[in-house]
Each structure stands twice: as structure tokens, then as C-alpha cells.
>>> print(open('run_26.pdb').read())   # PDB, C-alpha atoms
ATOM      1  CA  MET A   1      20.341   1.771  10.580
ATOM      2  CA  THR A   2      20.626  -1.997  10.822
ATOM      3  CA  SER A   3      17.015  -2.443   9.808
ATOM      4  CA  TYR A   4      17.517  -0.491   6.571
ATOM      5  CA  ILE A   5      20.492  -2.656   5.623
ATOM      6  CA  VAL A   6      18.369  -5.691   6.404
ATOM      7  CA  ILE A   7      15.525  -4.503   4.180
ATOM      8  CA  ALA A   8      17.975  -3.691   1.371
ATOM      9  CA  LEU A   9      19.458  -7.202   1.632
ATOM     10  CA  PHE A  10      15.957  -8.659   1.684
ATOM     11  CA  ALA A  11      14.991  -6.799  -1.507
ATOM     12  CA  THR A  12      18.278  -7.793  -3.179
ATOM     13  CA  GLY A  13      17.612 -11.398  -2.225
ATOM     14  CA  ILE A  14      14.168 -11.313  -3.838
ATOM     15  CA  GLY A  15      15.743  -9.963  -7.042
ATOM     16  CA  ILE A  16      18.494 -12.578  -7.059
ATOM     17  CA  GLY A  17      15.987 -15.306  -6.222
ATOM     18  CA  TRP A  18      14.286 -14.708  -9.582
ATOM     19  CA  PHE A  19      17.286 -16.310 -11.282
ATOM     20  CA  PHE A  20      17.009 -19.449  -9.155
ATOM     21  CA  ARG A  21      13.410 -20.238 -10.076
ATOM     22  CA  GLU A  22      14.337 -23.335 -12.073
ATOM     23  CA  LYS A  23      17.141 -24.469  -9.754
ATOM     24  CA  ASP A  24      15.299 -26.722  -7.338
ATOM     25  CA  ASN A  25      18.499 -27.971  -5.722
ATOM     26  CA  THR A  26      19.677 -24.472  -4.901
ATOM     27  CA  ARG A  27      16.233 -23.582  -3.595
ATOM     28  CA  LYS A  28      16.262 -26.561  -1.253
ATOM     29  CA  LYS A  29      19.691 -25.588   0.065
ATOM     30  CA  VAL A  30      18.538 -22.014   0.596
ATOM     31  CA  ASP A  31      15.540 -23.222   2.587
ATOM     32  CA  VAL A  32      17.760 -25.427   4.768
ATOM     33  CA  ALA A  33      20.079 -22.470   5.364
ATOM     34  CA  VAL A  34      17.085 -20.277   6.292
ATOM     35  CA  THR A  35      15.951 -22.874   8.809
ATOM     36  CA  TRP A  36      19.373 -23.040  10.464
ATOM     37  CA  ALA A  37      19.785 -19.265  10.491
ATOM     38  CA  VAL A  38      16.450 -19.041  12.307
ATOM     39  CA  TYR A  39      17.565 -21.708  14.822
ATOM     40  CA  LEU A  40      20.813 -19.831  15.441
ATOM     41  CA  LEU A  41      19.109 -16.471  15.882
ATOM     42  CA  LEU A  42      16.412 -17.764  18.209
ATOM     43  CA  PHE A  43      19.099 -19.587  20.222
ATOM     44  CA  LEU A  44      21.061 -16.331  20.521
ATOM     45  CA  LEU A  45      17.892 -14.418  21.428
ATOM     46  CA  GLY A  46      17.266 -17.072  24.082
ATOM     47  CA  ILE A  47      20.713 -16.512  25.601
ATOM     48  CA  SER A  48      20.411 -12.735  25.691
ATOM     49  CA  VAL A  49      16.975 -13.036  27.270
ATOM     50  CA  GLY A  50      18.265 -15.616  29.764
ATOM     51  CA  ILE A  51      21.005 -13.340  31.104
ATOM     52  CA  ASN A  52      18.545 -10.440  31.334
ATOM     53  CA  GLU A  53      17.129 -10.733  34.841
ATOM     54  CA  GLU A  54      14.548  -8.045  34.307
ATOM     55  CA  ILE A  55      12.885 -10.090  31.563
ATOM     56  CA  ILE A  56      13.147 -13.387  33.437
ATOM     57  CA  ASN A  57      11.576 -11.870  36.550
ATOM     58  CA  ASN A  58       8.716 -10.427  34.514
ATOM     59  CA  PHE A  59       8.054 -13.421  32.317
ATOM     60  CA  SER A  60       4.448 -13.948  33.360
ATOM     61  CA  ARG A  61       3.668 -10.295  32.638
ATOM     62  CA  ILE A  62       5.311 -10.663  29.218
ATOM     63  CA  GLY A  63       3.227 -13.739  28.485
ATOM     64  CA  TYR A  64       0.100 -11.900  29.613
ATOM     65  CA  LYS A  65       0.796  -8.991  27.242
ATOM     66  CA  ALA A  66       1.601 -11.378  24.396
ATOM     67  CA  PHE A  67      -1.691 -13.198  24.931
ATOM     68  CA  TRP A  68      -3.803 -10.036  24.767
ATOM     69  CA  LEU A  69      -1.934  -8.693  21.760
ATOM     70  CA  THR A  70      -2.632 -11.953  19.961
ATOM     71  CA  PHE A  71      -6.270 -11.648  20.908
ATOM     72  CA  GLY A  72      -6.356  -8.103  19.497
ATOM     73  CA  ALA A  73      -4.620  -9.026  16.260
ATOM     74  CA  VAL A  74      -6.816 -12.086  15.664
ATOM     75  CA  ALA A  75     -10.081 -10.363  16.627
ATOM     76  CA  GLY A  76      -9.284  -7.302  14.496
ATOM     77  CA  SER A  77      -8.350  -9.383  11.454
ATOM     78  CA  VAL A  78     -11.303 -11.726  11.718
ATOM     79  CA  LEU A  79     -13.920  -9.011  12.243
ATOM     80  CA  LEU A  80     -12.623  -6.995   9.316
ATOM     81  CA  ALA A  81     -12.391 -10.174   7.230
ATOM     82  CA  LYS A  82     -16.075 -10.812   7.884
ATOM     83  CA  LEU A  83     -16.982  -7.370   6.520
ATOM     84  CA  VAL A  84     -14.715  -7.685   3.497
ATOM     85  CA  TYR A  85     -16.066 -11.165   2.776
ATOM     86  CA  GLN A  86     -19.671 -10.045   2.909
ATOM     87  CA  PHE A  87     -19.149  -6.946   0.790
ATOM     88  CA  PHE A  88     -16.721  -8.185  -1.823
ATOM     89  CA  PHE A  89     -16.583 -11.968  -1.967
ATOM     90  CA  LYS A  90     -19.784 -13.624  -0.882
ATOM     91  CA  SER A  91     -22.212 -12.564  -3.627
ATOM     92  CA  ASN A  92     -19.980 -13.736  -6.446
ATOM     93  CA  SER A  93     -19.458 -17.300  -5.331
ATOM     94  CA  GLU A  94     -22.484 -18.259  -3.245
ATOM     95  CA  ASP A  95     -26.168 -17.490  -2.596
TER      96      ASP A  95
ATOM     97  CA  MET B   1       3.677 -27.124  14.219
ATOM     98  CA  LYS B   2       6.703 -29.409  14.454
ATOM     99  CA  GLY B   3       8.821 -26.598  13.029
ATOM    100  CA  SER B   4       7.654 -24.153  15.664
ATOM    101  CA  LEU B   5       8.410 -26.638  18.439
ATOM    102  CA  ILE B   6      11.984 -27.062  17.201
ATOM    103  CA  ILE B   7      12.430 -23.294  17.003
ATOM    104  CA  LEU B   8      10.978 -22.888  20.470
ATOM    105  CA  ALA B   9      13.351 -25.610  21.697
ATOM    106  CA  PHE B  10      16.373 -23.659  20.397
ATOM    107  CA  PHE B  11      15.075 -20.547  22.133
ATOM    108  CA  ILE B  12      14.515 -22.405  25.408
ATOM    109  CA  VAL B  13      17.958 -24.072  25.356
ATOM    110  CA  GLY B  14      19.491 -20.622  24.847
ATOM    111  CA  LEU B  15      17.281 -19.181  27.563
ATOM    112  CA  ILE B  16      18.160 -21.794  30.186
ATOM    113  CA  GLY B  17      21.836 -21.660  29.259
ATOM    114  CA  GLY B  18      21.689 -17.893  29.575
ATOM    115  CA  ILE B  19      20.067 -18.021  33.001
ATOM    116  CA  TYR B  20      22.838 -20.290  34.298
ATOM    117  CA  HIS B  21      25.620 -18.536  32.371
ATOM    118  CA  VAL B  22      26.910 -21.677  30.686
ATOM    119  CA  PHE B  23      27.776 -20.110  27.323
ATOM    120  CA  PRO B  24      31.038 -18.320  26.454
ATOM    121  CA  ASP B  25      30.928 -14.543  26.133
ATOM    122  CA  TRP B  26      31.636 -14.420  22.416
ATOM    123  CA  LEU B  27      28.184 -15.876  21.763
ATOM    124  CA  LEU B  28      26.727 -12.718  23.279
ATOM    125  CA  ASN B  29      28.500 -10.470  20.835
ATOM    126  CA  GLU B  30      25.880  -8.207  19.258
ATOM    127  CA  ASP B  31      27.691  -8.318  15.916
ATOM    128  CA  LEU B  32      27.143 -12.055  15.628
ATOM    129  CA  THR B  33      23.364 -11.566  15.834
ATOM    130  CA  THR B  34      23.472  -8.679  13.386
ATOM    131  CA  TYR B  35      25.425 -10.586  10.757
ATOM    132  CA  ALA B  36      23.300 -13.688  11.214
ATOM    133  CA  LEU B  37      20.252 -11.480  10.672
ATOM    134  CA  PHE B  38      21.796 -10.024   7.497
ATOM    135  CA  GLY B  39      22.381 -13.534   6.206
ATOM    136  CA  LEU B  40      18.903 -14.703   7.178
ATOM    137  CA  MET B  41      17.092 -11.848   5.449
ATOM    138  CA  PHE B  42      19.108 -12.226   2.279
ATOM    139  CA  LEU B  43      18.281 -15.940   2.211
ATOM    140  CA  VAL B  44      14.601 -15.371   2.982
ATOM    141  CA  GLY B  45      14.579 -12.910   0.069
ATOM    142  CA  ILE B  46      16.058 -15.508  -2.277
ATOM    143  CA  SER B  47      13.574 -18.066  -1.028
ATOM    144  CA  ILE B  48      10.610 -15.786  -1.789
ATOM    145  CA  GLY B  49      12.049 -14.530  -5.085
ATOM    146  CA  SER B  50      12.694 -18.031  -6.374
ATOM    147  CA  ASP B  51       9.217 -19.259  -5.471
ATOM    148  CA  LYS B  52       7.653 -20.254  -8.780
ATOM    149  CA  ASN B  53       4.373 -20.568  -6.987
ATOM    150  CA  ALA B  54       4.432 -16.864  -6.207
ATOM    151  CA  PHE B  55       4.492 -15.780  -9.828
ATOM    152  CA  TYR B  56       1.904 -18.331 -10.810
ATOM    153  CA  VAL B  57      -0.347 -17.025  -8.049
ATOM    154  CA  LEU B  58       0.219 -13.419  -9.117
ATOM    155  CA  ARG B  59      -1.014 -14.192 -12.609
ATOM    156  CA  LYS B  60      -4.125 -15.928 -11.364
ATOM    157  CA  ILE B  61      -5.434 -13.306  -8.972
ATOM    158  CA  ASN B  62      -7.680 -10.334  -9.569
ATOM    159  CA  ILE B  63      -7.603  -6.928  -7.959
ATOM    160  CA  LYS B  64     -10.192  -7.829  -5.330
ATOM    161  CA  VAL B  65      -7.790 -10.327  -3.810
ATOM    162  CA  VAL B  66      -5.427  -7.497  -2.851
ATOM    163  CA  LEU B  67      -8.055  -6.580  -0.266
ATOM    164  CA  VAL B  68      -7.274  -9.749   1.700
ATOM    165  CA  PRO B  69      -3.731  -8.970   2.917
ATOM    166  CA  LEU B  70      -4.843  -5.348   3.353
ATOM    167  CA  THR B  71      -7.617  -6.571   5.644
ATOM    168  CA  VAL B  72      -5.106  -8.512   7.713
ATOM    169  CA  VAL B  73      -2.772  -5.514   7.989
ATOM    170  CA  VAL B  74      -5.495  -3.079   9.042
ATOM    171  CA  GLY B  75      -7.239  -5.580  11.331
ATOM    172  CA  SER B  76      -4.052  -6.695  13.100
ATOM    173  CA  LEU B  77      -2.724  -3.185  13.616
ATOM    174  CA  LEU B  78      -6.058  -1.760  14.797
ATOM    175  CA  GLY B  79      -6.668  -4.732  17.089
ATOM    176  CA  THR B  80      -3.259  -4.566  18.748
ATOM    177  CA  ALA B  81      -3.455  -0.762  19.032
ATOM    178  CA  LEU B  82      -6.778  -1.080  20.893
ATOM    179  CA  VAL B  83      -5.357  -3.739  23.207
ATOM    180  CA  SER B  84      -2.432  -1.448  24.064
ATOM    181  CA  PHE B  85      -4.860   1.014  25.694
ATOM    182  CA  MET B  86      -5.984  -1.758  27.999
ATOM    183  CA  LEU B  87      -2.423  -2.710  28.981
ATOM    184  CA  SER B  88      -0.627  -0.101  31.050
ATOM    185  CA  ASP B  89       2.951  -0.934  30.125
ATOM    186  CA  ILE B  90       3.109  -1.111  26.351
ATOM    187  CA  SER B  91       2.952   1.785  23.902
ATOM    188  CA  VAL B  92       0.674   1.873  20.875
ATOM    189  CA  LYS B  93       3.571   1.580  18.460
ATOM    190  CA  GLU B  94       5.177  -1.316  20.334
ATOM    191  CA  ALA B  95       1.850  -3.147  20.304
ATOM    192  CA  MET B  96       1.362  -2.497  16.599
ATOM    193  CA  ALA B  97       4.882  -3.724  15.828
ATOM    194  CA  VAL B  98       4.032  -7.015  17.552
ATOM    195  CA  GLY B  99       0.796  -7.156  15.540
ATOM    196  CA  ALA B 100       2.755  -6.533  12.342
ATOM    197  CA  GLY B 101       4.437  -9.915  12.844
ATOM    198  CA  PHE B 102       1.291 -11.478  11.313
ATOM    199  CA  GLY B 103       2.223 -14.837  12.838
ATOM    200  CA  TYR B 104       5.732 -14.844  11.363
ATOM    201  CA  TYR B 105       7.244 -15.257  14.819
ATOM    202  CA  SER B 106      10.825 -16.150  13.927
ATOM    203  CA  LEU B 107      11.490 -13.122  11.774
ATOM    204  CA  SER B 108       9.398 -10.598  13.696
ATOM    205  CA  SER B 109      10.878 -11.493  17.090
ATOM    206  CA  ILE B 110      14.446 -11.259  15.835
ATOM    207  CA  PHE B 111      13.738  -8.033  14.008
ATOM    208  CA  ILE B 112      11.881  -6.370  16.860
ATOM    209  CA  SER B 113      14.504  -7.345  19.428
ATOM    210  CA  GLN B 114      17.158  -5.723  17.226
ATOM    211  CA  ILE B 115      15.245  -2.453  17.020
ATOM    212  CA  SER B 116      13.439  -2.218  20.357
ATOM    213  CA  GLY B 117      15.195  -4.591  22.732
ATOM    214  CA  GLN B 118      14.746  -8.143  23.890
ATOM    215  CA  GLU B 119      11.654  -7.704  26.012
ATOM    216  CA  LEU B 120       9.516  -6.623  23.075
ATOM    217  CA  GLY B 121      11.232  -9.310  20.994
ATOM    218  CA  VAL B 122      10.056 -11.988  23.418
ATOM    219  CA  ILE B 123       6.537 -10.544  23.412
ATOM    220  CA  ALA B 124       6.567 -10.716  19.612
ATOM    221  CA  LEU B 125       7.856 -14.295  19.697
ATOM    222  CA  LEU B 126       5.154 -15.516  22.074
ATOM    223  CA  SER B 127       2.339 -13.482  20.572
ATOM    224  CA  ASN B 128       3.015 -14.616  17.023
ATOM    225  CA  ILE B 129       3.437 -18.258  18.072
ATOM    226  CA  PHE B 130       0.058 -17.969  19.825
ATOM    227  CA  ARG B 131      -1.347 -16.615  16.575
ATOM    228  CA  GLU B 132      -0.194 -19.642  14.629
ATOM    229  CA  ILE B 133      -1.486 -22.040  17.290
ATOM    230  CA  ILE B 134      -4.872 -20.289  17.455
ATOM    231  CA  THR B 135      -5.120 -20.522  13.679
ATOM    232  CA  LEU B 136      -4.353 -24.246  13.698
ATOM    233  CA  LEU B 137      -6.908 -24.888  16.423
ATOM    234  CA  ALA B 138      -9.686 -22.415  15.696
ATOM    235  CA  VAL B 139     -10.035 -22.142  11.905
ATOM    236  CA  PRO B 140     -13.148 -24.369  11.757
ATOM    237  CA  VAL B 141     -14.944 -22.241  14.347
ATOM    238  CA  LEU B 142     -13.716 -18.909  12.965
ATOM    239  CA  VAL B 143     -14.762 -19.783   9.422
ATOM    240  CA  LYS B 144     -18.210 -20.735  10.667
ATOM    241  CA  TYR B 145     -18.829 -17.397  12.362
ATOM    242  CA  PHE B 146     -16.715 -14.944  10.372
ATOM    243  CA  GLY B 147     -16.880 -16.229   6.817
ATOM    244  CA  LYS B 148     -14.471 -17.849   4.422
ATOM    245  CA  LEU B 149     -11.719 -15.267   4.737
ATOM    246  CA  ALA B 150     -11.422 -15.770   8.495
ATOM    247  CA  GLY B 151      -8.823 -18.545   8.319
ATOM    248  CA  ILE B 152      -6.662 -16.606   5.892
ATOM    249  CA  ALA B 153      -7.016 -13.554   8.138
ATOM    250  CA  THR B 154      -5.928 -15.243  11.380
ATOM    251  CA  GLY B 155      -3.232 -17.184   9.566
ATOM    252  CA  GLY B 156      -1.592 -13.959   8.366
ATOM    253  CA  ALA B 157       1.854 -14.648   6.958
ATOM    254  CA  THR B 158       1.575 -18.343   7.855
ATOM    255  CA  ALA B 159      -1.366 -18.793   5.452
ATOM    256  CA  MET B 160       1.137 -19.542   2.676
ATOM    257  CA  ASP B 161       2.764 -22.506   4.422
ATOM    258  CA  THR B 162       2.197 -23.852   7.928
ATOM    259  CA  THR B 163      -1.500 -23.078   8.235
ATOM    260  CA  LEU B 164      -2.381 -23.488   4.531
ATOM    261  CA  PRO B 165      -3.556 -27.123   4.812
ATOM    262  CA  ILE B 166      -6.059 -26.374   7.564
ATOM    263  CA  ILE B 167      -7.296 -23.237   5.775
ATOM    264  CA  VAL B 168      -7.863 -25.137   2.531
ATOM    265  CA  LYS B 169      -9.558 -27.946   4.400
ATOM    266  CA  PHE B 170     -12.161 -25.687   5.967
ATOM    267  CA  THR B 171     -12.647 -23.034   3.293
ATOM    268  CA  GLY B 172     -12.116 -24.950   0.066
ATOM    269  CA  LYS B 173      -9.456 -25.269  -2.606
ATOM    270  CA  ASP B 174     -10.565 -22.115  -4.428
ATOM    271  CA  TYR B 175      -9.427 -20.112  -1.409
ATOM    272  CA  GLY B 176      -6.010 -21.784  -1.377
ATOM    273  CA  ILE B 177      -4.612 -19.427  -3.968
ATOM    274  CA  ILE B 178      -5.887 -16.379  -2.055
ATOM    275  CA  ALA B 179      -4.276 -17.792   1.099
ATOM    276  CA  ILE B 180      -0.898 -18.206  -0.618
ATOM    277  CA  PHE B 181      -1.094 -14.745  -2.161
ATOM    278  CA  SER B 182      -2.027 -13.105   1.140
ATOM    279  CA  GLY B 183       0.703 -15.040   2.995
ATOM    280  CA  ILE B 184       3.409 -14.001   0.526
ATOM    281  CA  ILE B 185       2.448 -10.314   0.621
ATOM    282  CA  LEU B 186       2.314 -10.324   4.429
ATOM    283  CA  THR B 187       5.657 -12.139   4.695
ATOM    284  CA  ILE B 188       7.273  -9.428   2.600
ATOM    285  CA  LEU B 189       5.535  -6.719   4.638
ATOM    286  CA  VAL B 190       6.682  -7.986   8.066
ATOM    287  CA  PRO B 191      10.204  -6.460   8.072
ATOM    288  CA  ILE B 192       9.030  -3.344   6.242
ATOM    289  CA  LEU B 193       6.054  -2.564   8.486
ATOM    290  CA  VAL B 194       7.895  -3.406  11.709
ATOM    291  CA  THR B 195      10.637  -0.943  10.765
ATOM    292  CA  LEU B 196       8.199   1.767   9.673
ATOM    293  CA  ILE B 197       6.130   1.437  12.848
ATOM    294  CA  LEU B 198       9.052   1.406  15.275
ATOM    295  CA  GLU B 199      11.184   4.045  13.593
ATOM    296  CA  PHE B 200       8.610   6.537  12.336
ATOM    297  CA  LEU B 201       5.466   6.366  14.452
TER     298      LEU B 201
END
>>> encode(input="run_26.pdb", output="C-alpha cells")
Amino acid sequence: MTSYIVIALFATGIGIGWFFREKDNTRKKVDVAVTWAVYLLLFLLGISVGINEEIINNFSRIGYKAFWLTFGAVAGSVLLAKLVYQFFFKSNSED
Amino acid sequence: MKGSLIILAFFIVGLIGGIYHVFPDWLLNEDLTTYALFGLMFLVGISIGSDKNAFYVLRKINIKVVLVPLTVVVGSLLGTALVSFMLSDISVKEAMAVGAGFGYYSLSSIFISQISGQELGVIALLSNIFREIITLLAVPVLVKYFGKLAGIATGGATAMDTTLPIIVKFTGKDYGIIAIFSGIILTILVPILVTLILEFL
């Protein structure tokens, strides 16, 4: 449920943002607020992870999984990007 | 890079404080996180919606360019799904949700930990930070072997800001606009795809 509310707020924000296109001051303040909201949330995530002994005891396993998932995501994207580049982009700009 | 170090520092301070139980209980209230997340997403929305750059970029691009973020989505999700078969303790959908962070570690980790718990949230945080670091370090090599879209592809959502300078440097200014376009689309897709993958797959 929470995630739907979040997406609705996100979409509303994009719509409202349209009206702030020329307001550089407001945009700067919004970006500062985003930065601090991220700091707060990552700090809170840190606390809830810290008190969770199961995660702390398995941290190396978590890092191991994260590493391989990154490898998969990067390898998948890059290999597909090579195909897409050769089929759709290369001939137009080079050779 | 500096930004990600500061964010990581906040996470680590929280983590260490949590391990030694130095923070008051009200900080652990789930509602606080939820409301902070509501606020964050609304603000991120405003930030994207008010980006003049975004509309300028939209007018400049042609239909072919839409293939670029699509490539990143398909490549990241397929790649992480394949890796999940190699790892015994992560499901295909959990792996794909981590992949759907596209390097946007702050948002994806917070989002995923709300839906699927903190362990997967931490995996998403680390994995997507690794993705940004790999992009910053490896773009020259990747571009050499995988073509000019490779930097934009590894950069994912970060191709519009933190990794844009390095991408432009090694693939040329004409690819800058594609990088920004792809980054914006992927940034918008992160919360949507993460939710779809975790709730419906």
C-alpha cells in the first residue's frame, strides 16, 4: 500500500514541478531538501540495520550478493548496449 | 562521488549507533521512515518536473533514443535474474528489484527496504553504489569494447548527473543528451519498476 501512495505522490510532484520551471530559487531549495531527506532516510535505514543482528552477522554474504548482482546488471546492460549500438546507432554517425 | 560518500557516512553512523543501541526508540518508529519517504518522493517528483533540461531534451530526441533506457532496463533485469540462479539465497524477483535500482542507490534502497525488508534494502544500497563506482572507473574501458552506449548503459539512472561528465568525456558531447534522457527516464522508472517487480512478479 505504502508504495502506491509513494508513486502517487511522486507523480503529483512531477506535475507540480512543471509550475516551478522558472523559479530557480525554489528549485535549489527543493534539491537541498531532497538531499537532506535522503541523508535522514539512509541514517534511519542504518539504525534499523544496526539493531538487526541477523543482517550484521551476515554482512559479508550480503556484500557478496550485492557484488554479483552489480556484475549481472552491468554485464547485461553493456552487452545489450553493444548490440543496440551496432544495429541502430553506429551506421548513422560513423564508418 | 563526494555525494555518495556523505550518504554512505550517514548510513554508517546510523549503523554503528544501531549496533551499540545509542539512539532513542522513537527514531526507530516505522512511521517516521514512511513519512520521510512520502516527503522525499514528492520532492524528487518536483525536482524532476521542474527540470527545464528535461523538456529541452525531450524536444531534441528522436524515437531511436527511446531504445537506450529500454536497453538498460532489459539488460539490468536479465543480468540480475541470471545471477540469482547462481546465488542460492536470493529469489529472481528480489534480484531483479535490486537491478531495477539502475544505480540510484538512495531511492532504491529505501524503497526496497520498505517493501521487502532491510536485508534486501542493504543489498540494493551496496549493489547500486557499486554500479556507480564501476561506471566512474570503467567507462573508458567499457566504451572501448562495447561501443558508445556502454557508459550510458552502466551509468543507468546516474547518467543524468553524477556519471554524466565521465560519459561525455569518453563518448562525446553528442551522446550527452542521450545520457540525460536515458537517466531521467530510468530515474522515473526506479520506484515504478521496483514496486511492480516486488508486488506482482
>>> resolve_selection(input="run_26.pdb", expression="the ChimeraX specification (/A :<6) & /B", output="VMD selection string")
chain B and resid 7 10 to 11 14 to 15 18 to 19 38 40 to 42 45 to 46 49 to 50 52 72 75 to 76 79 to 80 83 99 123 126 to 127 131 146 to 147 149 to 150 153 to 154
>>> atom_distance(input="run_26.pdb", atom1="atom CA of Asp51 of chain B", atom2="atom CA of Pro191 of chain B")
18.7 Å
>>> atom_distance(input="run_26.pdb", atom1="atom CA of Ala95 of chain B", atom2="atom CA of Thr187 of chain B")
18.4 Å
>>> atom_distance(input="run_26.pdb", atom1="atom CA of Gly155 of chain B", atom2="atom CA of Gly183 of chain B")
8.0 Å
>>> resolve_selection(input="run_26.pdb", expression="the PyMOL selection byres ((chain B and resi 55) around 12)", output="list in words")
Trp18 and Arg21 of chain A; Ile48, Gly49, Ser50, Asp51, Lys52, Asn53, Ala54, Tyr56, Val57, Leu58, Arg59, Lys60, Ile61, Ile177, Ile180, Phe181, Ile184 and Ile185 of chain B
>>> axis_aligned_box(input="run_26.pdb", around="segment 36-51 of chain A", padding_each_side="6 Å", output="lines of an AutoDock Vina configuration file")
center_x = 18.7
center_y = -17.9
center_z = 20.8
size_x = 16.6
size_y = 22.3
size_z = 32.6
>>> closest_residue(input="run_26.pdb", among="B:Ile152, B:Leu193, B:Ile16, B:Leu201", to="Ile112 of chain B", atoms="all atoms listed in the file")
B:Leu193
>>> closest_residue(input="run_26.pdb", among="B:Tyr145, B:Thr195, B:Ala157, B:Lys93", to="Phe111 of chain B", atoms="all atoms listed in the file")
B:Thr195
>>> residues_around(input="run_26.pdb", residues="Ile197 of chain B", least_positions_apart="3", cutoff="9 Å", atoms="only C-alpha atoms", output="list of chain:residue names")
B:Lys93, B:Glu94, B:Met96, B:Ala97, B:Ala100, B:Ile192, B:Leu193, B:Val194, B:Phe200, B:Leu201
>>> closest_residue(input="run_26.pdb", among="B:Ala9, B:Leu87, B:Leu196, B:Leu107", to="Leu125 of chain B", atoms="all atoms listed in the file")
B:Leu107
